[in-house]
$ cat entry-v4.cif   # mmCIF, C-alpha atoms, pLDDT in the B column; chains and numbers go by the auth columns
data_work
#
loop_
_atom_site.group_PDB
_atom_site.id
_atom_site.type_symbol
_atom_site.label_atom_id
_atom_site.label_comp_id
_atom_site.label_asym_id
_atom_site.label_seq_id
_atom_site.Cartn_x
_atom_site.Cartn_y
_atom_site.Cartn_z
_atom_site.B_iso_or_equiv
_atom_site.auth_seq_id
_atom_site.auth_asym_id
ATOM 1 C CA MET A 1 87.721 78.637 98.607 45.00 1 A
ATOM 2 C CA CYS A 2 90.113 75.908 97.649 55.00 2 A
ATOM 3 C CA PRO A 3 89.037 72.549 99.041 49.00 3 A
ATOM 4 C CA GLY A 4 91.283 71.426 101.876 45.00 4 A
ATOM 5 C CA LYS A 5 93.165 74.741 102.143 45.00 5 A
ATOM 6 C CA THR A 6 93.204 77.231 104.956 40.00 6 A
ATOM 7 C CA LEU A 7 91.460 80.506 104.231 38.00 7 A
ATOM 8 C CA PRO A 8 93.946 83.307 103.530 43.00 8 A
ATOM 9 C CA ASN A 9 94.249 86.364 105.715 40.00 9 A
ATOM 10 C CA ALA A 10 92.683 89.292 103.964 40.00 10 A
ATOM 11 C CA PRO A 11 93.830 92.590 105.466 36.00 11 A
ATOM 12 C CA ARG A 12 92.738 95.107 102.811 41.00 12 A
ATOM 13 C CA LYS A 13 88.947 95.138 102.857 41.00 13 A
ATOM 14 C CA LEU A 14 88.844 91.460 102.027 43.00 14 A
ATOM 15 C CA ASP A 15 87.729 90.324 105.444 41.00 15 A
ATOM 16 C CA ASN A 16 85.579 87.252 104.936 40.00 16 A
ATOM 17 C CA PHE A 17 86.921 87.231 101.350 44.00 17 A
ATOM 18 C CA HIS A 18 86.373 83.501 101.051 44.00 18 A
ATOM 19 C CA GLY A 19 83.980 83.069 103.952 43.00 19 A
ATOM 20 C CA GLY A 20 80.260 82.630 103.727 42.00 20 A
ATOM 21 C CA LEU A 21 79.383 85.978 105.280 38.00 21 A
ATOM 22 C CA ARG A 22 79.771 88.011 102.096 43.00 22 A
ATOM 23 C CA THR A 23 78.793 87.342 98.551 50.00 23 A
ATOM 24 C CA PRO A 24 81.582 87.557 95.962 50.00 24 A
ATOM 25 C CA HIS A 25 80.202 90.840 94.594 50.00 25 A
ATOM 26 C CA GLU A 26 80.666 92.474 97.998 58.00 26 A
ATOM 27 C CA SER A 27 84.412 91.754 98.016 81.00 27 A
ATOM 28 C CA SER A 28 86.882 93.993 96.242 87.00 28 A
ATOM 29 C CA VAL A 29 90.449 95.163 96.613 89.00 29 A
ATOM 30 C CA THR A 30 92.386 98.027 95.027 91.00 30 A
ATOM 31 C CA LEU A 31 95.889 97.146 93.830 93.00 31 A
ATOM 32 C CA GLY A 32 98.039 99.110 91.397 94.00 32 A
ATOM 33 C CA GLY A 33 95.286 101.677 90.955 94.00 33 A
ATOM 34 C CA ALA A 34 92.770 99.073 89.722 96.00 34 A
ATOM 35 C CA VAL A 35 89.715 97.828 91.595 94.00 35 A
ATOM 36 C CA PHE A 36 89.426 94.043 91.453 94.00 36 A
ATOM 37 C CA ARG A 37 85.853 92.912 92.170 92.00 37 A
ATOM 38 C CA LEU A 38 85.659 89.253 93.131 89.00 38 A
ATOM 39 C CA THR A 39 82.991 87.463 91.099 87.00 39 A
ATOM 40 C CA SER A 40 83.898 83.869 92.015 83.00 40 A
ATOM 41 C CA PHE A 41 86.242 82.704 94.750 76.00 41 A
ATOM 42 C CA ALA A 42 87.221 79.251 93.497 73.00 42 A
ATOM 43 C CA CYS A 43 87.070 77.060 90.406 77.00 43 A
ATOM 44 C CA PRO A 44 87.781 79.650 89.023 86.00 44 A
ATOM 45 C CA GLU A 45 88.870 82.522 91.256 88.00 45 A
ATOM 46 C CA GLN A 46 87.900 85.445 89.039 92.00 46 A
ATOM 47 C CA TYR A 47 87.560 89.200 89.061 94.00 47 A
ATOM 48 C CA ASP A 48 86.024 92.028 87.077 94.00 48 A
ATOM 49 C CA VAL A 49 88.374 95.016 87.039 96.00 49 A
ATOM 50 C CA ASP A 50 87.658 98.745 87.039 96.00 50 A
ATOM 51 C CA LEU A 51 90.368 101.195 85.964 96.00 51 A
ATOM 52 C CA GLY A 52 89.540 104.515 87.582 90.00 52 A
ATOM 53 C CA ASP A 53 86.290 105.789 86.051 90.00 53 A
ATOM 54 C CA ALA A 54 86.420 103.101 83.359 92.00 54 A
ATOM 55 C CA GLU A 55 84.258 100.312 84.743 93.00 55 A
ATOM 56 C CA ASN A 56 84.569 96.682 83.728 94.00 56 A
ATOM 57 C CA ARG A 57 87.751 97.049 81.672 96.00 57 A
ATOM 58 C CA GLY A 58 89.381 93.822 82.799 97.00 58 A
ATOM 59 C CA TYR A 59 88.619 90.190 83.486 97.00 59 A
ATOM 60 C CA VAL A 60 90.989 88.032 85.555 96.00 60 A
ATOM 61 C CA ARG A 61 90.643 84.283 85.951 95.00 61 A
ATOM 62 C CA LEU A 62 92.638 81.609 87.775 93.00 62 A
ATOM 63 C CA ARG A 63 91.512 78.116 86.851 91.00 63 A
ATOM 64 C CA HIS A 64 93.425 74.833 86.839 89.00 64 A
ATOM 65 C CA GLY A 65 96.652 76.721 87.532 91.00 65 A
ATOM 66 C CA ASP A 66 96.270 79.045 84.536 94.00 66 A
ATOM 67 C CA LEU A 67 96.089 82.739 85.420 96.00 67 A
ATOM 68 C CA THR A 68 94.866 85.001 82.615 97.00 68 A
ATOM 69 C CA ALA A 69 93.842 88.632 82.299 98.00 69 A
ATOM 70 C CA ASP A 70 91.959 90.224 79.434 97.00 70 A
ATOM 71 C CA TYR A 71 91.448 93.906 78.653 97.00 71 A
ATOM 72 C CA LEU A 72 87.854 94.692 77.675 96.00 72 A
ATOM 73 C CA PRO A 73 87.501 97.870 75.626 93.00 73 A
ATOM 74 C CA ASP A 74 84.162 99.375 76.559 89.00 74 A
ATOM 75 C CA GLY A 75 83.534 96.303 78.727 87.00 75 A
ATOM 76 C CA ASP A 76 82.944 94.225 75.587 86.00 76 A
ATOM 77 C CA PHE A 77 84.090 90.580 75.890 88.00 77 A
ATOM 78 C CA SER A 78 83.846 90.053 72.131 91.00 78 A
ATOM 79 C CA ARG A 79 86.700 92.554 71.675 91.00 79 A
ATOM 80 C CA ALA A 80 88.866 91.302 74.568 95.00 80 A
ATOM 81 C CA THR A 81 92.658 91.426 74.333 96.00 81 A
ATOM 82 C CA ARG A 82 94.747 89.003 76.393 97.00 82 A
ATOM 83 C CA VAL A 83 97.288 91.067 78.342 98.00 83 A
ATOM 84 C CA PHE A 84 98.605 88.499 80.839 98.00 84 A
ATOM 85 C CA GLU A 85 99.108 84.728 81.078 97.00 85 A
ATOM 86 C CA HIS A 86 100.938 82.730 83.728 96.00 86 A
ATOM 87 C CA ASP A 87 100.975 79.064 84.743 94.00 87 A
ATOM 88 C CA ILE A 88 100.763 79.047 88.536 90.00 88 A
ATOM 89 C CA GLY A 89 100.980 75.256 88.467 82.00 89 A
ATOM 90 C CA ASP A 90 99.606 72.519 90.673 79.00 90 A
ATOM 91 C CA ASP A 91 96.204 72.777 88.969 82.00 91 A
ATOM 92 C CA ALA A 92 95.473 75.628 91.417 78.00 92 A
ATOM 93 C CA PRO A 93 91.839 76.805 91.495 79.00 93 A
ATOM 94 C CA CYS A 94 92.802 79.880 93.555 82.00 94 A
ATOM 95 C CA PHE A 95 95.804 81.749 94.929 86.00 95 A
ATOM 96 C CA GLU A 96 97.826 80.091 97.704 83.00 96 A
ATOM 97 C CA SER A 97 98.279 83.266 99.787 85.00 97 A
ATOM 98 C CA ASP A 98 97.462 86.944 99.995 85.00 98 A
ATOM 99 C CA GLU A 99 101.044 87.743 99.042 90.00 99 A
ATOM 100 C CA GLU A 100 100.785 85.703 95.842 91.00 100 A
ATOM 101 C CA ARG A 101 97.415 87.294 95.018 91.00 101 A
ATOM 102 C CA ASP A 102 98.746 90.821 95.638 92.00 102 A
ATOM 103 C CA ARG A 103 101.864 90.238 93.543 95.00 103 A
ATOM 104 C CA PHE A 104 99.996 88.900 90.511 96.00 104 A
ATOM 105 C CA LEU A 105 97.043 91.297 90.675 96.00 105 A
ATOM 106 C CA THR A 106 99.415 94.279 90.951 97.00 106 A
ATOM 107 C CA GLU A 107 101.304 93.067 87.873 97.00 107 A
ATOM 108 C CA ILE A 108 98.008 92.545 86.052 98.00 108 A
ATOM 109 C CA ALA A 109 96.861 96.062 87.024 98.00 109 A
ATOM 110 C CA GLU A 110 99.966 97.495 85.327 97.00 110 A
ATOM 111 C CA LYS A 111 99.252 95.513 82.134 98.00 111 A
ATOM 112 C CA LEU A 112 95.588 96.561 82.101 97.00 112 A
ATOM 113 C CA HIS A 113 96.436 100.234 82.667 96.00 113 A
ATOM 114 C CA SER A 114 99.009 100.127 79.878 96.00 114 A
ATOM 115 C CA GLN A 115 96.528 98.581 77.441 96.00 115 A
ATOM 116 C CA HIS A 116 93.824 101.040 78.502 95.00 116 A
ATOM 117 C CA ARG A 117 96.133 104.033 77.933 94.00 117 A
ATOM 118 C CA SER A 118 97.055 102.794 74.448 92.00 118 A
ATOM 119 C CA HIS A 119 93.398 102.113 73.646 87.00 119 A
ATOM 120 C CA THR A 120 92.149 105.529 74.769 82.00 120 A
ATOM 121 C CA ARG A 121 94.859 107.662 73.123 79.00 121 A
ATOM 122 C CA PRO A 122 93.586 109.796 70.241 70.00 122 A
#
$ encode --input "entry-v4.cif" --output "structure tokens"
Amino acid sequence: MCPGKTLPNAPRKLDNFHGGLRTPHESSVTLGGAVFRLTSFACPEQYDVDLGDAENRGYVRLRHGDLTADYLPDGDFSRATRVFEHDIGDDAPCFESDEERDRFLTEIAEKLHSQHRSHTRP
């Protein structure tokens, strides 16, 4: 996790979220109707995001205090659209707490769902 920081509590299926007992790909959490699959837990903390049956429609990254989220139509990074940016500050390589993570990932889920709905409308 973050060097010198206490591991966060992880009540919703994120037990051992930052511990050595699970690989990042085995850790996921559902917030705001989106499944966030942890792909790296620090430097950056990052997630691939599934929106219902639409797999790999989002990419979330927290690095050096910059939190970003991109919508990936058809899972294609070359066509990514930035839907969220926030400066967490303090050059943070990961979230400070579960509460902070939940708050931001829930907000990001709303942005990704909104972009996905507008992208998939006929």
$ resolve_selection --input "entry-v4.cif" --expression "the PyMOL selection byres ((chain A and resi 57-66) around 10)" --output "VMD selection string"
chain A and resid 34 to 56 67 to 77 80 to 95 105 108 to 109 112 to 113 115 to 116
$ atom_distance --input "entry-v4.cif" --atom1 "CA of Gly32 (chain A)" --atom2 "CA of Ser78 (chain A)"
25.6 Å
$ axis_aligned_box --input "entry-v4.cif" --around "region 52-69 of chain A" --padding-each-side "3 Å" --output "JSON"
{"center_x": 90.5, "center_y": 90.3, "center_z": 84.7, "size_x": 18.4, "size_y": 37.0, "size_z": 12.1}
$ atom_distance --input "entry-v4.cif" --atom1 "CA of Asp98 (chain A)" --atom2 "CA of Thr30 (chain A)"
13.2 Å
$ atom_distance --input "entry-v4.cif" --atom1 "CA of Arg103 (chain A)" --atom2 "CA of Leu31 (chain A)"
9.1 Å
$ closest_residue --input "entry-v4.cif" --among "A:Thr106, A:Ser27, A:His119, A:Gly33" --to "Arg79 (chain A)" --atoms "all atoms listed in the file"
A:His119
